[in-house]
Amino acid sequence: MGDIFIWLISFFILIALVVLLIYQLTCLADLEFDYINPYDSSSRINKVFLPEFFLQGFLCLFYLLTGHWIMSLLCTPYLYYNVRLYTSKQHLVDVTEIFNLLQREKNQRYYKLAYLVILLFLSLFWIIFSALEYEDD
């Protein structure tokens with residue numbers, strides 16, 4: 001039964017990460033269609049960037065501590081990318097360059113979103129598998 005709760009926790013963390021990325025994409029789309037000014041858009045994106053980093057790091061550590069090695073290994077490329085962005089100081093969206101890098105920023109978040117959706121489906125698979133295994137016992 002404990003394994004089901006572990007997968008449920010990871011599922012909800014992945015949902016939170018997906019919501020954060022969709023929020024960032026919405027801010028970028030609003031900026032592209034001129035519904036919001038660059039300062040507001042970049043400040044909104046920059047506010048949710050560190051929580052995204054911490055949630056991703058916690059998820060990878062959570063998988064590692066609970067013994068789900070394969071999922072932890074699947075989370076490490078995304079975590080490595082975030083750490084590399086943070087150490088090279090490219091994690092914040094610059095107000096003055098946001099229009100020049102708009103398409104790059106959107107593509108970057110689309111790739112992250114696709115990666116998280118794959119992890120989300122894997123987590124959902126393991127929830128169902130653990131529930132069926134628990135029912136057989």
# chains A, B, ... in the order shown; residues from 1 in each chain; ligands from 1
call {"tool": "residues_around", "arguments": {"residues": "A:Ile15", "least_positions_apart": "2", "cutoff": "12 Å", "atoms": "only C-alpha atoms", "output": "list in words"}}
result
Leu8, Ile9, Ser10, Phe11, Phe12, Ile13, Leu17, Val18, Val19, Leu20, Leu21, Ile22, Glu52, Leu55, Gln56, Leu59, Leu113, Leu116, Val117, Ile118, Leu119, Leu120, Phe121, Ser123 and Leu124 of chain A
call {"tool": "write_last_selection", "arguments": {"atoms": "C-alpha atoms", "output": "PDB file, in the first residue's frame"}}
result
ATOM      1  CA  LEU A   8       0.584   9.230  -5.940  1.00  0.00           C
ATOM      2  CA  ILE A   9       2.901  11.787  -4.331  1.00  0.00           C
ATOM      3  CA  SER A  10       5.176  11.717  -7.354  1.00  0.00           C
ATOM      4  CA  PHE A  11       2.151  12.005  -9.655  1.00  0.00           C
ATOM      5  CA  PHE A  12       0.956  15.156  -7.889  1.00  0.00           C
ATOM      6  CA  ILE A  13       4.453  16.650  -7.924  1.00  0.00           C
ATOM      7  CA  LEU A  17       5.496  20.879 -12.463  1.00  0.00           C
ATOM      8  CA  VAL A  18       3.267  20.657 -15.538  1.00  0.00           C
ATOM      9  CA  VAL A  19       1.056  23.443 -14.165  1.00  0.00           C
ATOM     10  CA  LEU A  20       4.111  25.654 -13.582  1.00  0.00           C
ATOM     11  CA  LEU A  21       5.303  25.099 -17.138  1.00  0.00           C
ATOM     12  CA  ILE A  22       1.867  25.784 -18.592  1.00  0.00           C
ATOM     13  CA  GLU A  52      10.122  24.564 -10.558  1.00  0.00           C
ATOM     14  CA  LEU A  55      10.199  20.610  -7.144  1.00  0.00           C
ATOM     15  CA  GLN A  56      12.217  18.848  -9.827  1.00  0.00           C
ATOM     16  CA  LEU A  59      11.207  14.674  -7.138  1.00  0.00           C
ATOM     17  CA  LEU A 113       6.571  19.901 -20.954  1.00  0.00           C
ATOM     18  CA  LEU A 116       7.280  15.841 -17.968  1.00  0.00           C
ATOM     19  CA  VAL A 117       4.247  14.387 -19.742  1.00  0.00           C
ATOM     20  CA  ILE A 118       6.264  11.253 -20.490  1.00  0.00           C
ATOM     21  CA  LEU A 119       7.261  11.027 -16.812  1.00  0.00           C
ATOM     22  CA  LEU A 120       3.639  11.636 -15.870  1.00  0.00           C
ATOM     23  CA  PHE A 121       2.418   8.721 -17.972  1.00  0.00           C
ATOM     24  CA  SER A 123       4.078   7.487 -13.032  1.00  0.00           C
ATOM     25  CA  LEU A 124       0.441   6.811 -13.873  1.00  0.00           C
TER      26      LEU A 124
END
call {"tool": "select_by_dssp", "arguments": {"residues": "stretch 43-119 of chain A", "states": "alpha helix (DSSP H)", "output": "mmCIF file with N, CA and C atoms, in the first residue's frame"}}
result
data_model
loop_
_atom_site.group_PDB
_atom_site.id
_atom_site.type_symbol
_atom_site.label_atom_id
_atom_site.label_comp_id
_atom_site.auth_asym_id
_atom_site.auth_seq_id
_atom_site.Cartn_x
_atom_site.Cartn_y
_atom_site.Cartn_z
ATOM 1 N N SER A 43 8.751 39.039 -15.013
ATOM 2 C CA SER A 43 8.713 38.918 -13.549
ATOM 3 C C SER A 43 7.842 37.744 -13.114
ATOM 4 N N ARG A 44 6.752 37.484 -13.830
ATOM 5 C CA ARG A 44 5.910 36.331 -13.500
ATOM 6 C C ARG A 44 6.630 35.012 -13.766
ATOM 7 N N ILE A 45 7.347 34.952 -14.876
ATOM 8 C CA ILE A 45 8.085 33.731 -15.204
ATOM 9 C C ILE A 45 9.224 33.512 -14.215
ATOM 10 N N ASN A 46 9.924 34.571 -13.869
ATOM 11 C CA ASN A 46 11.052 34.447 -12.949
ATOM 12 C C ASN A 46 10.624 34.063 -11.538
ATOM 13 N N LYS A 47 9.389 34.405 -11.152
ATOM 14 C CA LYS A 47 8.892 34.033 -9.824
ATOM 15 C C LYS A 47 8.656 32.533 -9.691
ATOM 16 N N VAL A 48 8.280 31.875 -10.770
ATOM 17 C CA VAL A 48 7.964 30.447 -10.678
ATOM 18 C C VAL A 48 9.124 29.553 -11.114
ATOM 19 N N PHE A 49 10.214 30.161 -11.486
ATOM 20 C CA PHE A 49 11.328 29.359 -11.981
ATOM 21 C C PHE A 49 12.021 28.588 -10.861
ATOM 22 N N LEU A 50 12.296 29.236 -9.741
ATOM 23 C CA LEU A 50 12.942 28.531 -8.632
ATOM 24 C C LEU A 50 12.053 27.465 -7.997
ATOM 25 N N PRO A 51 10.746 27.703 -7.816
ATOM 26 C CA PRO A 51 9.913 26.590 -7.344
ATOM 27 C C PRO A 51 9.928 25.393 -8.292
ATOM 28 N N GLU A 52 10.009 25.663 -9.596
ATOM 29 C CA GLU A 52 10.122 24.564 -10.558
ATOM 30 C C GLU A 52 11.421 23.790 -10.325
ATOM 31 N N PHE A 53 12.507 24.509 -10.113
ATOM 32 C CA PHE A 53 13.799 23.859 -9.845
ATOM 33 C C PHE A 53 13.731 23.002 -8.582
ATOM 34 N N PHE A 54 13.184 23.573 -7.515
ATOM 35 C CA PHE A 54 13.136 22.848 -6.250
ATOM 36 C C PHE A 54 12.226 21.628 -6.330
ATOM 37 N N LEU A 55 11.092 21.763 -6.993
ATOM 38 C CA LEU A 55 10.199 20.610 -7.144
ATOM 39 C C LEU A 55 10.856 19.495 -7.950
ATOM 40 N N GLN A 56 11.548 19.857 -9.013
ATOM 41 C CA GLN A 56 12.217 18.848 -9.827
ATOM 42 C C GLN A 56 13.334 18.171 -9.029
ATOM 43 N N GLY A 57 14.105 18.952 -8.290
ATOM 44 C CA GLY A 57 15.161 18.373 -7.466
ATOM 45 C C GLY A 57 14.597 17.480 -6.378
ATOM 46 N N PHE A 58 13.496 17.910 -5.751
ATOM 47 C CA PHE A 58 12.857 17.099 -4.725
ATOM 48 C C PHE A 58 12.325 15.802 -5.311
ATOM 49 N N LEU A 59 11.751 15.875 -6.503
ATOM 50 C CA LEU A 59 11.207 14.674 -7.138
ATOM 51 C C LEU A 59 12.313 13.666 -7.425
ATOM 52 N N CYS A 60 13.423 14.136 -7.946
ATOM 53 C CA CYS A 60 14.539 13.238 -8.238
ATOM 54 C C CYS A 60 15.082 12.617 -6.952
ATOM 55 N N LEU A 61 15.215 13.426 -5.914
ATOM 56 C CA LEU A 61 15.685 12.915 -4.617
ATOM 57 C C LEU A 61 14.658 11.964 -4.006
ATOM 58 N N PHE A 62 13.382 12.273 -4.172
ATOM 59 C CA PHE A 62 12.307 11.427 -3.665
ATOM 60 C C PHE A 62 12.354 10.044 -4.297
ATOM 61 N N TYR A 63 12.522 10.001 -5.620
ATOM 62 C CA TYR A 63 12.649 8.710 -6.288
ATOM 63 C C TYR A 63 13.889 7.966 -5.814
ATOM 64 N N LEU A 64 14.955 8.684 -5.601
ATOM 65 C CA LEU A 64 16.202 8.065 -5.162
ATOM 66 C C LEU A 64 16.062 7.471 -3.761
ATOM 67 N N LEU A 65 15.435 8.212 -2.852
ATOM 68 C CA LEU A 65 15.284 7.747 -1.469
ATOM 69 C C LEU A 65 14.267 6.619 -1.324
ATOM 70 N N THR A 66 13.281 6.575 -2.203
ATOM 71 C CA THR A 66 12.270 5.516 -2.106
ATOM 72 C C THR A 66 12.660 4.264 -2.876
ATOM 73 N N TRP A 69 14.876 3.535 -8.759
ATOM 74 C CA TRP A 69 16.111 3.951 -9.413
ATOM 75 C C TRP A 69 15.892 4.350 -10.868
ATOM 76 N N ILE A 70 15.050 3.638 -11.563
ATOM 77 C CA ILE A 70 14.838 3.931 -12.982
ATOM 78 C C ILE A 70 14.179 5.297 -13.159
ATOM 79 N N MET A 71 13.163 5.586 -12.348
ATOM 80 C CA MET A 71 12.522 6.893 -12.436
ATOM 81 C C MET A 71 13.481 8.004 -12.009
ATOM 82 N N SER A 72 14.330 7.711 -11.043
ATOM 83 C CA SER A 72 15.332 8.696 -10.642
ATOM 84 C C SER A 72 16.310 8.969 -11.772
ATOM 85 N N LEU A 73 16.708 7.918 -12.470
ATOM 86 C CA LEU A 73 17.601 8.102 -13.621
ATOM 87 C C LEU A 73 16.907 8.846 -14.755
ATOM 88 N N LEU A 74 15.609 8.623 -14.913
ATOM 89 C CA LEU A 74 14.873 9.345 -15.945
ATOM 90 C C LEU A 74 14.701 10.827 -15.600
ATOM 91 N N CYS A 75 14.724 11.159 -14.321
ATOM 92 C CA CYS A 75 14.587 12.557 -13.897
ATOM 93 C C CYS A 75 15.904 13.328 -13.947
ATOM 94 N N THR A 76 17.014 12.624 -13.955
ATOM 95 C CA THR A 76 18.303 13.326 -13.866
ATOM 96 C C THR A 76 18.641 14.196 -15.075
ATOM 97 N N PRO A 77 18.298 13.856 -16.323
ATOM 98 C CA PRO A 77 18.628 14.787 -17.410
ATOM 99 C C PRO A 77 17.935 16.149 -17.265
ATOM 100 N N TYR A 78 16.688 16.128 -16.861
ATOM 101 C CA TYR A 78 15.952 17.374 -16.645
ATOM 102 C C TYR A 78 16.554 18.164 -15.486
ATOM 103 N N LEU A 79 16.930 17.455 -14.425
ATOM 104 C CA LEU A 79 17.573 18.101 -13.282
ATOM 105 C C LEU A 79 18.937 18.658 -13.674
ATOM 106 N N TYR A 80 19.685 17.908 -14.453
ATOM 107 C CA TYR A 80 20.995 18.387 -14.919
ATOM 108 C C TYR A 80 20.836 19.639 -15.773
ATOM 109 N N TYR A 81 19.844 19.653 -16.637
ATOM 110 C CA TYR A 81 19.607 20.822 -17.479
ATOM 111 C C TYR A 81 19.272 22.055 -16.631
ATOM 112 N N ASN A 82 18.427 21.860 -15.612
ATOM 113 C CA ASN A 82 18.077 22.978 -14.729
ATOM 114 C C ASN A 82 19.282 23.475 -13.948
ATOM 115 N N VAL A 83 20.101 22.556 -13.452
ATOM 116 C CA VAL A 83 21.299 22.953 -12.704
ATOM 117 C C VAL A 83 22.271 23.671 -13.621
ATOM 118 N N ARG A 84 22.407 23.196 -14.844
ATOM 119 C CA ARG A 84 23.298 23.855 -15.806
ATOM 120 C C ARG A 84 22.806 25.261 -16.134
ATOM 121 N N LEU A 85 21.510 25.435 -16.294
ATOM 122 C CA LEU A 85 20.954 26.770 -16.520
ATOM 123 C C LEU A 85 21.220 27.685 -15.328
ATOM 124 N N TYR A 86 21.049 27.150 -14.129
ATOM 125 C CA TYR A 86 21.222 27.958 -12.917
ATOM 126 C C TYR A 86 22.684 28.347 -12.707
ATOM 127 N N THR A 87 23.601 27.424 -12.932
ATOM 128 C CA THR A 87 25.016 27.731 -12.707
ATOM 129 C C THR A 87 25.580 28.666 -13.767
ATOM 130 N N LEU A 102 12.096 35.010 -27.530
ATOM 131 C CA LEU A 102 10.758 34.506 -27.240
ATOM 132 C C LEU A 102 10.536 33.103 -27.784
ATOM 133 N N GLN A 103 10.885 32.867 -29.022
ATOM 134 C CA GLN A 103 10.668 31.551 -29.621
ATOM 135 C C GLN A 103 11.542 30.498 -28.953
ATOM 136 N N ARG A 104 12.764 30.852 -28.619
ATOM 137 C CA ARG A 104 13.669 29.925 -27.933
ATOM 138 C C ARG A 104 13.124 29.558 -26.552
ATOM 139 N N GLU A 105 12.623 30.553 -25.830
ATOM 140 C CA GLU A 105 12.065 30.311 -24.501
ATOM 141 C C GLU A 105 10.822 29.424 -24.581
ATOM 142 N N LYS A 106 9.983 29.668 -25.577
ATOM 143 C CA LYS A 106 8.798 28.832 -25.736
ATOM 144 C C LYS A 106 9.174 27.398 -26.091
ATOM 145 N N ASN A 107 10.112 27.232 -27.017
ATOM 146 C CA ASN A 107 10.546 25.881 -27.393
ATOM 147 C C ASN A 107 11.164 25.146 -26.213
ATOM 148 N N GLN A 108 11.940 25.859 -25.433
ATOM 149 C CA GLN A 108 12.568 25.264 -24.255
ATOM 150 C C GLN A 108 11.500 24.726 -23.305
ATOM 151 N N ARG A 109 10.459 25.477 -23.099
ATOM 152 C CA ARG A 109 9.395 25.040 -22.198
ATOM 153 C C ARG A 109 8.528 23.938 -22.816
ATOM 154 N N TYR A 110 8.375 23.943 -24.136
ATOM 155 C CA TYR A 110 7.652 22.849 -24.792
ATOM 156 C C TYR A 110 8.403 21.525 -24.631
ATOM 157 N N TYR A 111 9.725 21.558 -24.761
ATOM 158 C CA TYR A 111 10.515 20.338 -24.562
ATOM 159 C C TYR A 111 10.418 19.853 -23.122
ATOM 160 N N LYS A 112 10.478 20.778 -22.185
ATOM 161 C CA LYS A 112 10.325 20.398 -20.780
ATOM 162 C C LYS A 112 8.954 19.793 -20.526
ATOM 163 N N LEU A 113 7.935 20.398 -21.131
ATOM 164 C CA LEU A 113 6.571 19.901 -20.954
ATOM 165 C C LEU A 113 6.406 18.500 -21.531
ATOM 166 N N ALA A 114 6.968 18.253 -22.703
ATOM 167 C CA ALA A 114 6.889 16.920 -23.302
ATOM 168 C C ALA A 114 7.598 15.895 -22.428
ATOM 169 N N TYR A 115 8.742 16.271 -21.896
ATOM 170 C CA TYR A 115 9.500 15.371 -21.019
ATOM 171 C C TYR A 115 8.702 15.051 -19.758
ATOM 172 N N LEU A 116 8.062 16.066 -19.179
ATOM 173 C CA LEU A 116 7.280 15.841 -17.968
ATOM 174 C C LEU A 116 6.020 15.023 -18.241
ATOM 175 N N VAL A 117 5.437 15.189 -19.405
ATOM 176 C CA VAL A 117 4.247 14.387 -19.742
ATOM 177 C C VAL A 117 4.623 12.912 -19.864
ATOM 178 N N ILE A 118 5.791 12.639 -20.415
ATOM 179 C CA ILE A 118 6.264 11.253 -20.490
ATOM 180 C C ILE A 118 6.454 10.682 -19.085
ATOM 181 N N LEU A 119 7.088 11.472 -18.200
ATOM 182 C CA LEU A 119 7.261 11.027 -16.812
ATOM 183 C C LEU A 119 5.909 10.865 -16.117
#
call {"tool": "atom_distance", "arguments": {"atom1": "atom CA of A:Glu32", "atom2": "atom CA of A:Leu101"}}
result
11.1 Å
call {"tool": "atom_distance", "arguments": {"atom1": "atom CA of A:Ile36", "atom2": "atom CA of A:Ala16"}}
result
23.9 Å
call {"tool": "decode", "arguments": {"residues": "stretch 39-137 of chain A", "atoms": "C-alpha atoms", "output": "mmCIF file, in the first residue's frame"}}
result
data_model
loop_
_atom_site.group_PDB
_atom_site.id
_atom_site.type_symbol
_atom_site.label_atom_id
_atom_site.label_comp_id
_atom_site.auth_asym_id
_atom_site.auth_seq_id
_atom_site.Cartn_x
_atom_site.Cartn_y
_atom_site.Cartn_z
ATOM 1 C CA TYR A 39 8.280 43.485 -17.520
ATOM 2 C CA ASP A 40 5.197 41.759 -16.095
ATOM 3 C CA SER A 41 5.732 38.673 -18.194
ATOM 4 C CA SER A 42 9.372 38.244 -17.236
ATOM 5 C CA SER A 43 8.713 38.918 -13.549
ATOM 6 C CA ARG A 44 5.910 36.331 -13.500
ATOM 7 C CA ILE A 45 8.085 33.731 -15.204
ATOM 8 C CA ASN A 46 11.052 34.447 -12.949
ATOM 9 C CA LYS A 47 8.892 34.033 -9.824
ATOM 10 C CA VAL A 48 7.964 30.447 -10.678
ATOM 11 C CA PHE A 49 11.328 29.359 -11.981
ATOM 12 C CA LEU A 50 12.942 28.531 -8.632
ATOM 13 C CA PRO A 51 9.913 26.590 -7.344
ATOM 14 C CA GLU A 52 10.122 24.564 -10.558
ATOM 15 C CA PHE A 53 13.799 23.859 -9.845
ATOM 16 C CA PHE A 54 13.136 22.848 -6.250
ATOM 17 C CA LEU A 55 10.199 20.610 -7.144
ATOM 18 C CA GLN A 56 12.217 18.848 -9.827
ATOM 19 C CA GLY A 57 15.161 18.373 -7.466
ATOM 20 C CA PHE A 58 12.857 17.099 -4.725
ATOM 21 C CA LEU A 59 11.207 14.674 -7.138
ATOM 22 C CA CYS A 60 14.539 13.238 -8.238
ATOM 23 C CA LEU A 61 15.685 12.915 -4.617
ATOM 24 C CA PHE A 62 12.307 11.427 -3.665
ATOM 25 C CA TYR A 63 12.649 8.710 -6.288
ATOM 26 C CA LEU A 64 16.202 8.065 -5.162
ATOM 27 C CA LEU A 65 15.284 7.747 -1.469
ATOM 28 C CA THR A 66 12.270 5.516 -2.106
ATOM 29 C CA GLY A 67 14.293 3.107 -4.218
ATOM 30 C CA HIS A 68 12.789 3.831 -7.613
ATOM 31 C CA TRP A 69 16.111 3.951 -9.413
ATOM 32 C CA ILE A 70 14.838 3.931 -12.982
ATOM 33 C CA MET A 71 12.522 6.893 -12.436
ATOM 34 C CA SER A 72 15.332 8.696 -10.642
ATOM 35 C CA LEU A 73 17.601 8.102 -13.621
ATOM 36 C CA LEU A 74 14.873 9.345 -15.945
ATOM 37 C CA CYS A 75 14.587 12.557 -13.897
ATOM 38 C CA THR A 76 18.303 13.326 -13.866
ATOM 39 C CA PRO A 77 18.628 14.787 -17.410
ATOM 40 C CA TYR A 78 15.952 17.374 -16.645
ATOM 41 C CA LEU A 79 17.573 18.101 -13.282
ATOM 42 C CA TYR A 80 20.995 18.387 -14.919
ATOM 43 C CA TYR A 81 19.607 20.822 -17.479
ATOM 44 C CA ASN A 82 18.077 22.978 -14.729
ATOM 45 C CA VAL A 83 21.299 22.953 -12.704
ATOM 46 C CA ARG A 84 23.298 23.855 -15.806
ATOM 47 C CA LEU A 85 20.954 26.770 -16.520
ATOM 48 C CA TYR A 86 21.222 27.958 -12.917
ATOM 49 C CA THR A 87 25.016 27.731 -12.707
ATOM 50 C CA SER A 88 25.489 29.550 -16.008
ATOM 51 C CA LYS A 89 23.014 32.222 -14.807
ATOM 52 C CA GLN A 90 20.687 31.724 -17.767
ATOM 53 C CA HIS A 91 17.687 30.674 -15.728
ATOM 54 C CA LEU A 92 16.085 34.137 -15.470
ATOM 55 C CA VAL A 93 14.208 35.741 -18.322
ATOM 56 C CA ASP A 94 15.713 39.121 -19.184
ATOM 57 C CA VAL A 95 13.221 41.942 -19.737
ATOM 58 C CA THR A 96 15.306 43.613 -22.432
ATOM 59 C CA GLU A 97 15.936 40.421 -24.419
ATOM 60 C CA ILE A 98 12.621 38.656 -24.027
ATOM 61 C CA PHE A 99 11.331 39.560 -27.505
ATOM 62 C CA ASN A 100 14.550 38.399 -29.165
ATOM 63 C CA LEU A 101 14.508 35.074 -27.305
ATOM 64 C CA LEU A 102 10.758 34.506 -27.240
ATOM 65 C CA GLN A 103 10.668 31.551 -29.621
ATOM 66 C CA ARG A 104 13.669 29.925 -27.933
ATOM 67 C CA GLU A 105 12.065 30.311 -24.501
ATOM 68 C CA LYS A 106 8.798 28.832 -25.736
ATOM 69 C CA ASN A 107 10.546 25.881 -27.393
ATOM 70 C CA GLN A 108 12.568 25.264 -24.255
ATOM 71 C CA ARG A 109 9.395 25.040 -22.198
ATOM 72 C CA TYR A 110 7.652 22.849 -24.792
ATOM 73 C CA TYR A 111 10.515 20.338 -24.562
ATOM 74 C CA LYS A 112 10.325 20.398 -20.780
ATOM 75 C CA LEU A 113 6.571 19.901 -20.954
ATOM 76 C CA ALA A 114 6.889 16.920 -23.302
ATOM 77 C CA TYR A 115 9.500 15.371 -21.019
ATOM 78 C CA LEU A 116 7.280 15.841 -17.968
ATOM 79 C CA VAL A 117 4.247 14.387 -19.742
ATOM 80 C CA ILE A 118 6.264 11.253 -20.490
ATOM 81 C CA LEU A 119 7.261 11.027 -16.812
ATOM 82 C CA LEU A 120 3.639 11.636 -15.870
ATOM 83 C CA PHE A 121 2.418 8.721 -17.972
ATOM 84 C CA LEU A 122 5.123 6.483 -16.524
ATOM 85 C CA SER A 123 4.078 7.487 -13.032
ATOM 86 C CA LEU A 124 0.441 6.811 -13.873
ATOM 87 C CA PHE A 125 1.412 3.396 -15.210
ATOM 88 C CA TRP A 126 3.222 2.587 -11.962
ATOM 89 C CA ILE A 127 0.243 3.753 -9.886
ATOM 90 C CA ILE A 128 -2.040 1.371 -11.755
ATOM 91 C CA PHE A 129 0.511 -1.437 -11.634
ATOM 92 C CA SER A 130 1.023 -1.004 -7.878
ATOM 93 C CA ALA A 131 -2.731 -0.911 -7.248
ATOM 94 C CA LEU A 132 -3.274 -4.111 -9.225
ATOM 95 C CA GLU A 133 -0.351 -5.769 -7.464
ATOM 96 C CA TYR A 134 -1.714 -4.717 -4.062
ATOM 97 C CA GLU A 135 -5.152 -6.082 -4.955
ATOM 98 C CA ASP A 136 -3.665 -9.469 -5.892
ATOM 99 C CA ASP A 137 -2.071 -9.772 -2.449
#
